[in-house]
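S.K.: Data: work-v9.csv, CSV, C-alpha atoms.
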```csv
chain,number,residue,atom,x,y,z
A,1,MET,CA,144.4,280.2,149.3
A,2,ASN,CA,145.5,277.5,151.6
A,3,GLY,CA,144.2,274.1,150.4
A,4,PHE,CA,143.4,271.2,152.7
A,5,TYR,CA,141.9,267.7,152.4
A,6,VAL,CA,139.2,266.3,154.5
A,7,MET,CA,139.3,262.6,155.3
A,8,ASN,CA,136.7,260.9,157.3
A,9,GLY,CA,137.4,258.5,160.1
A,10,LYS,CA,136.5,255.4,158.2
A,11,LYS,CA,139.1,256.1,155.4
A,12,ILE,CA,141.8,256.9,157.9
A,13,LYS,CA,141.1,253.7,159.8
A,14,ARG,CA,141.1,251.6,156.5
A,15,TYR,CA,144.4,253.0,155.3
A,16,PHE,CA,146.0,252.5,158.7
A,17,PHE,CA,145.1,248.8,158.7
A,18,ILE,CA,146.3,248.4,155.1
A,19,ALA,CA,149.7,249.9,156.1
A,20,ILE,CA,150.0,247.7,159.2
A,21,ALA,CA,149.2,244.6,157.1
A,22,LEU,CA,151.8,245.6,154.5
A,23,VAL,CA,154.5,246.1,157.1
A,24,PHE,CA,153.6,242.8,158.7
A,25,SER,CA,153.7,240.9,155.3
A,26,ILE,CA,157.1,242.4,154.5
A,27,GLY,CA,158.4,241.3,157.9
A,28,ILE,CA,157.2,237.7,157.3
A,29,ILE,CA,158.8,237.6,153.8
A,30,TYR,CA,162.1,238.9,155.2
A,31,ALA,CA,162.1,236.5,158.1
A,32,GLU,CA,161.3,233.5,156.0
A,33,ARG,CA,163.2,234.5,152.9
A,34,ASP,CA,165.4,231.4,152.9
A,35,ASN,CA,162.4,229.1,153.1
A,36,ILE,CA,160.1,230.6,150.5
A,37,THR,CA,160.5,229.0,147.0
A,38,VAL,CA,157.2,230.1,145.4
A,39,PHE,CA,158.9,233.2,144.0
A,40,ALA,CA,161.6,231.1,142.3
A,41,PRO,CA,160.2,227.9,140.8
A,42,GLN,CA,162.6,225.0,140.8
A,43,GLN,CA,164.1,224.3,137.5
A,44,PRO,CA,164.6,220.8,136.0
A,45,ALA,CA,167.9,219.4,137.1
A,46,ALA,CA,170.2,216.5,136.2
A,47,ILE,CA,171.3,214.2,139.0
A,48,TYR,CA,175.1,213.6,139.3
A,49,SER,CA,175.1,212.1,142.8
A,50,VAL,CA,172.9,212.0,145.9
A,51,PRO,CA,173.8,213.5,149.2
A,52,THR,CA,173.7,210.8,151.8
A,53,ASP,CA,175.8,209.4,154.7
A,54,LYS,CA,174.9,205.8,153.6
A,55,LYS,CA,177.7,203.9,151.9
A,56,VAL,CA,175.7,203.2,148.8
A,57,VAL,CA,176.7,203.7,145.1
A,58,ALA,CA,175.2,203.0,141.7
A,59,LEU,CA,177.2,201.2,139.0
A,60,THR,CA,175.9,202.4,135.6
A,61,PHE,CA,176.8,201.1,132.2
A,62,ASP,CA,176.1,202.9,128.9
A,63,ILE,CA,175.7,200.8,125.7
A,64,SER,CA,175.2,202.1,122.2
A,65,TRP,CA,176.9,199.6,119.9
A,66,GLY,CA,178.5,196.2,119.6
A,67,ASP,CA,177.7,192.8,121.0
A,68,LYS,CA,181.0,191.6,122.5
A,69,ARG,CA,181.3,193.5,125.8
A,70,ALA,CA,177.9,193.5,127.4
A,71,GLU,CA,177.6,189.8,128.2
A,72,PRO,CA,181.1,189.5,129.9
A,73,ILE,CA,180.1,192.5,132.1
A,74,ILE,CA,176.8,190.9,133.0
A,75,GLU,CA,178.6,187.7,133.9
A,76,VAL,CA,181.1,189.6,136.1
A,77,LEU,CA,178.2,191.3,137.9
A,78,LYS,CA,176.5,187.9,138.5
A,79,GLU,CA,179.7,186.2,139.7
A,80,LYS,CA,180.3,189.0,142.2
A,81,LYS,CA,176.6,188.8,143.3
A,82,ILE,CA,175.8,192.3,142.2
A,83,THR,CA,172.0,192.1,141.9
A,84,GLN,CA,171.5,195.9,141.4
A,85,ALA,CA,173.0,198.0,138.6
A,86,THR,CA,171.7,200.3,136.0
A,87,PHE,CA,172.2,200.0,132.2
A,88,PHE,CA,171.5,202.9,129.9
A,89,LEU,CA,170.6,201.5,126.5
A,90,SER,CA,170.4,203.3,123.2
A,91,SER,CA,167.3,202.3,121.3
A,92,PRO,CA,169.0,201.3,118.0
A,93,TRP,CA,171.4,199.0,119.9
A,94,SER,CA,168.4,197.6,121.8
A,95,GLN,CA,166.6,196.9,118.5
A,96,ALA,CA,169.7,195.2,117.1
A,97,HIS,CA,170.3,193.1,120.2
A,98,PRO,CA,167.0,192.2,121.8
A,99,GLU,CA,168.6,189.0,123.3
A,100,LEU,CA,171.1,191.1,125.2
A,101,VAL,CA,168.4,193.4,126.4
A,102,LYS,CA,166.5,190.4,127.7
A,103,LYS,CA,169.7,189.1,129.5
A,104,ILE,CA,170.1,192.4,131.3
A,105,GLN,CA,166.4,192.5,132.2
A,106,ASP,CA,166.3,188.8,133.3
A,107,ALA,CA,169.3,189.5,135.6
A,108,GLY,CA,167.2,192.0,137.4
A,109,TYR,CA,169.2,195.1,136.4
A,110,GLU,CA,167.5,198.4,135.8
A,111,ILE,CA,167.2,199.7,132.3
A,112,GLY,CA,167.3,203.4,131.5
A,113,SER,CA,167.2,205.2,128.1
A,114,HIS,CA,170.4,206.3,126.4
A,115,GLY,CA,168.3,208.1,123.7
A,116,HIS,CA,167.9,207.2,120.1
A,117,LYS,CA,170.4,208.9,117.7
A,118,HIS,CA,173.8,209.2,119.4
A,119,ASP,CA,174.2,212.9,119.0
A,120,PHE,CA,174.7,216.1,121.0
A,121,TYR,CA,171.1,216.9,121.9
A,122,SER,CA,171.9,220.5,122.9
A,123,LYS,CA,172.5,221.2,119.3
A,124,LEU,CA,169.1,219.9,118.1
A,125,THR,CA,165.9,221.8,117.8
A,126,GLU,CA,163.2,221.3,120.5
A,127,GLU,CA,161.2,219.2,118.0
A,128,GLU,CA,164.2,217.0,117.3
A,129,ILE,CA,165.0,216.6,121.0
A,130,ARG,CA,161.4,215.5,121.7
A,131,LYS,CA,161.5,213.1,118.8
A,132,GLN,CA,164.8,211.5,119.9
A,133,ILE,CA,163.6,210.9,123.4
A,134,SER,CA,160.2,209.8,122.4
A,135,THR,CA,161.4,207.4,119.8
A,136,ALA,CA,163.8,205.7,122.3
A,137,ASN,CA,161.0,205.6,124.8
A,138,THR,CA,158.7,203.7,122.4
A,139,ILE,CA,161.3,201.2,121.4
A,140,LEU,CA,162.6,200.4,124.9
A,141,THR,CA,159.0,200.1,126.2
A,142,ASP,CA,158.1,197.7,123.5
A,143,LEU,CA,161.2,195.6,124.1
A,144,THR,CA,161.1,195.5,127.9
A,145,GLY,CA,157.4,195.9,128.6
A,146,LYS,CA,158.2,198.7,130.9
A,147,LYS,CA,158.5,202.4,130.3
A,148,PRO,CA,161.9,203.7,131.5
A,149,ASN,CA,161.9,206.8,133.6
A,150,LEU,CA,165.6,207.5,133.7
A,151,ILE,CA,167.6,208.9,130.8
A,152,ARG,CA,171.3,209.5,130.3
A,153,LEU,CA,171.7,211.7,127.2
A,154,PRO,CA,174.2,210.6,124.6
A,155,ASN,CA,177.7,212.1,125.3
A,156,GLY,CA,176.3,213.4,128.6
A,157,ASP,CA,175.2,216.4,126.7
A,158,PHE,CA,172.3,218.6,127.6
A,159,ASP,CA,171.1,222.1,128.1
A,160,LYS,CA,168.1,223.7,129.8
A,161,ARG,CA,165.8,222.9,126.9
A,162,VAL,CA,166.8,219.2,127.0
A,163,LEU,CA,166.2,219.1,130.7
A,164,ARG,CA,162.8,220.7,130.4
A,165,ILE,CA,161.7,218.4,127.5
A,166,ALA,CA,162.9,215.3,129.3
A,167,GLU,CA,160.9,216.3,132.4
A,168,GLU,CA,157.8,216.9,130.3
A,169,LEU,CA,158.2,213.4,128.9
A,170,GLN,CA,158.5,212.1,132.5
A,171,TYR,CA,162.2,211.4,132.5
A,172,THR,CA,164.8,212.2,135.1
A,173,VAL,CA,168.2,213.0,133.6
A,174,ILE,CA,171.0,211.0,135.1
A,175,GLN,CA,174.7,212.0,134.9
A,176,TRP,CA,177.6,210.8,137.0
A,177,ASP,CA,180.1,212.0,139.6
A,178,THR,CA,182.8,209.5,139.0
A,179,ASP,CA,183.9,208.8,135.4
A,180,SER,CA,185.9,205.6,135.2
A,181,LEU,CA,187.4,206.8,131.8
A,182,ASP,CA,187.0,203.2,130.7
A,183,TRP,CA,185.9,204.6,127.3
A,184,MET,CA,189.5,205.8,126.8
A,185,ASN,CA,191.0,202.3,127.5
A,186,ILE,CA,193.5,203.8,129.9
A,187,GLY,CA,194.5,200.5,131.4
A,188,THR,CA,192.8,198.3,134.0
A,189,ASP,CA,194.9,199.6,136.9
A,190,LYS,CA,194.1,203.2,136.1
A,191,ILE,CA,190.4,202.5,135.7
A,192,VAL,CA,190.3,200.7,139.1
A,193,ASN,CA,192.3,203.5,140.7
A,194,ARG,CA,190.1,206.3,139.3
A,195,VAL,CA,186.9,204.6,140.5
A,196,VAL,CA,188.1,203.5,143.9
A,197,THR,CA,189.8,206.8,144.9
A,198,ARG,CA,186.9,209.0,143.7
A,199,THR,CA,183.9,207.0,144.9
A,200,HIS,CA,181.9,208.5,147.7
A,201,PRO,CA,178.6,207.8,149.4
A,202,GLY,CA,175.7,208.5,147.0
A,203,ASP,CA,178.0,208.3,144.0
A,204,ILE,CA,176.9,207.5,140.5
A,205,ILE,CA,179.7,205.7,138.7
A,206,LEU,CA,180.0,205.9,134.9
A,207,MET,CA,181.2,202.8,133.0
A,208,HIS,CA,180.4,201.4,129.5
A,209,ALA,CA,179.6,198.1,127.9
A,210,SER,CA,180.0,199.0,124.2
A,211,ASP,CA,182.5,197.2,122.0
A,212,SER,CA,184.9,200.2,122.1
A,213,VAL,CA,185.5,199.5,125.7
A,214,THR,CA,188.0,196.6,126.0
A,215,GLN,CA,189.1,196.7,129.7
A,216,THR,CA,185.9,197.3,131.7
A,217,HIS,CA,185.1,193.6,132.3
A,218,ILE,CA,188.7,193.1,133.5
A,219,ALA,CA,188.8,196.1,135.9
A,220,LEU,CA,185.2,195.5,137.2
A,221,PRO,CA,185.9,192.6,139.6
A,222,THR,CA,188.6,194.5,141.4
A,223,ILE,CA,186.5,197.6,141.6
A,224,ILE,CA,183.7,195.7,143.1
A,225,ASP,CA,186.0,193.9,145.6
A,226,GLN,CA,187.7,197.1,146.7
A,227,LEU,CA,184.5,199.1,147.1
A,228,ARG,CA,182.9,196.2,149.0
A,229,GLY,CA,186.0,196.1,151.2
A,230,ASP,CA,185.4,199.8,152.0
A,231,GLY,CA,181.9,199.0,153.1
A,232,TYR,CA,179.9,200.0,150.0
A,233,ASP,CA,176.7,198.4,148.9
A,234,PHE,CA,175.5,198.6,145.3
A,235,VAL,CA,172.1,199.8,144.3
A,236,THR,CA,170.3,200.9,141.1
A,237,VAL,CA,170.0,204.6,140.4
A,238,SER,CA,166.4,204.6,141.3
A,239,GLN,CA,167.1,202.9,144.6
A,240,LEU,CA,169.9,205.4,145.2
A,241,ILE,CA,167.5,208.3,144.8
A,242,SER,CA,164.7,206.7,146.8
A,243,GLN,CA,166.8,205.4,149.7
A,244,THR,CA,168.4,208.7,150.7
A,245,ASP,CA,167.4,212.0,152.2
A,246,ALA,CA,167.3,213.5,148.7
A,247,GLN,CA,164.0,211.9,147.9
A,248,GLY,CA,161.7,214.6,146.4
A,249,ASN,CA,164.6,217.2,146.2
A,250,THR,CA,166.6,218.5,143.3
A,251,VAL,CA,170.1,217.0,143.9
A,252,GLN,CA,172.5,218.9,141.7
A,253,ASP,CA,171.4,221.5,139.2
A,254,LYS,CA,174.1,221.5,136.5
A,255,VAL,CA,172.6,222.6,133.3
A,256,SER,CA,175.7,223.2,131.3
A,257,SER,CA,176.5,220.5,128.7
A,258,SER,CA,180.2,221.4,128.8
A,259,GLN,CA,180.6,220.2,132.4
A,260,GLN,CA,181.1,216.5,131.9
A,261,ILE,CA,181.0,214.8,128.5
A,262,SER,CA,181.8,211.2,127.7
A,263,THR,CA,182.7,210.8,124.0
A,264,SER,CA,183.1,207.0,124.2
A,265,GLU,CA,180.4,205.9,121.9
A,266,GLN,CA,180.6,207.9,118.7
```
Once more with this new file: its structure as structure tokens, please.
M.R.:
Amino acid sequence: MNGFYVMNGKKIKRYFFIAIALVFSIGIIYAERDNITVFAPQQPAAIYSVPTDKKVVALTFDISWGDKRAEPIIEVLKEKKITQATFFLSSPWSQAHPELVKKIQDAGYEIGSHGHKHDFYSKLTEEEIRKQISTANTILTDLTGKKPNLIRLPNGDFDKRVLRIAEELQYTVIQWDTDSLDWMNIGTDKIVNRVVTRTHPGDIILMHASDSVTQTHIALPTIIDQLRGDGYDFVTVSQLISQTDAQGNTVQDKVSSSQQISTSEQ
């Protein structure tokens, strides 16, 4: 027996319009595939540099121990009329040297977190990561009267968990694109050459002000003079981000802790 289906006009019409709508939707998705991000939520990212044509750079200094190097570096910055720079301070160091924290703050320099325990955070549990960042946050906020919103993880070490937890705690993770290697004490000329030859618009420059670093304050004046001579202006990391076209965008999504690690302040 031959079988057949009977479909009324209304059903045929409904299915026809559904098919047309589906084809139309697929066409839109295909045409706009490069602009649609809802299907791939943006992941937390660390900022290494900022894309810009402006000749602006951020000098950054990490401090985790000692009291002999920070002040000479602050004095060099003042003498060279550098009014904008960013210091990433570990909270134990800050507790031990509140007078130096105040000098950095009084000079108008930006203060970011360098965490609490100087460890590799990618090796910690999520609970420990949260505790380290939160502890540093409480200490730095109490000392400065202002909650920091930038963090550079100890050793420059992080993974996707660290990035996610930092973002949940309202922090932006800041790395660097130019490493001065001052933490290796490679010689003032080599420090100057590394920075000057590698610096580019939107760069974040890594330097240190812990006692293990003995040549930074000597190399710094020449670095400043040469970069100024090349037309560069100096800003804080926050200003660098806000003054460029990268505002509101993820800049550089590098989530591997093995990419760039500074081991200067063990």
S.K.: Compute the distance from (186.3, 195.4, 142.4) to each atom, counting only C-alpha atoms, keep the residues with any atom at most 12 Å away, and return them as a PyMOL selection string; use the coordinates of the file.
M.R.: chain A and resi 59+76-77+79-82+188-189+191-196+216-230+232-234
S.K.: Report, in Å with one decimal, the straight-line distance from atom CA of A:Asn137 to atom CA of A:Ser64.
M.R.: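 Computing it gives 14.9 Å between the two atoms.
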S.K.: Under the rule that all atoms listed in the file are counted, which of A:Asp62, A:Glu167, A:Lys78, A:Thr178 is the nearest residue to A:Val213?
M.R.: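 Comparing A:Asp62, A:Glu167, A:Lys78, A:Thr178 against A:Val213, the winner is A:Asp62.
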S.K.: I'd like the contact shell of A:Gln132 - 8 Å cut-off, all atoms listed in the file, skipping same-chain residues fewer than 2 positions apart - returned as a VMD selection string.
M.R.: chain A and resid 115 to 117 128 to 130 134 to 136
S.K.: Contacts of A:Glu127 at 12 Å or less, counting all atoms listed in the file, minus same-chain residues fewer than 6 places along, as a list in words?
M.R.: Tyr121, Ile133, Ser134, Thr135, Arg161, Val162 and Ile165 of chain A
S.K.: For those residues, write C-alpha atoms to a file as a PDB file, in the coordinates of the input.
M.R.:
```pdb
ATOM      1  CA  TYR A 121     171.100 216.900 121.900  1.00  0.00           C
ATOM      2  CA  ILE A 133     163.600 210.900 123.400  1.00  0.00           C
ATOM      3  CA  SER A 134     160.200 209.800 122.400  1.00  0.00           C
ATOM      4  CA  THR A 135     161.400 207.400 119.800  1.00  0.00           C
ATOM      5  CA  ARG A 161     165.800 222.900 126.900  1.00  0.00           C
ATOM      6  CA  VAL A 162     166.800 219.200 127.000  1.00  0.00           C
ATOM      7  CA  ILE A 165     161.700 218.400 127.500  1.00  0.00           C
TER       8      ILE A 165
END
```
S.K.: Distance atom CA of A:Phe87-atom CA of A:Thr199, one decimal place?
M.R.: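 Here the two named atoms are 18.6 Å from each other.
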S.K.: Between atom CA of A:Glu99 and atom CA of A:Tyr171, what distance in Å does the model show, to one decimal?
M.R.: 25.0 Å
S.K.: Select, from A:Thr125, A:Gln170, A:Gln105, A:Thr197, the residue with the minimum atom-to-atom distance to A:Gly145, counting only C-alpha atoms.
M.R.: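 Closest candidate: A:Gln105.
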S.K.: Taking all atoms listed in the file into account, name the residue in A:Met207, A:Ile151, A:Val235, A:Ile111 that is nearest to A:Asp177.
M.R.: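 Among the listed residues, A:Met207 lies closest to A:Asp177.
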S.K.: Identify which of the residues A:Ser122, A:Thr144, A:Ser180, A:Gln175 lies closest to A:Val50, counting all atoms listed in the file when measuring atom-to-atom distances.
M.R.: A:Gln175
S.K.: Of the candidates A:Asn155, A:Gln215, A:Thr236, A:Gln95, which one gets nearest to A:Val56 if we count only C-alpha atoms?
M.R.: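 Checking each candidate against A:Val56, we get A:Thr236 as the closest.
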S.K.: Check the smallest atom-to-atom distance from each of A:Leu89, A:Leu240, A:Ile186, A:Ile174 to A:Gly156 using only C-alpha atoms, then report the winner.
M.R.: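 Closest residue, counting only C-alpha atoms: A:Ile174.
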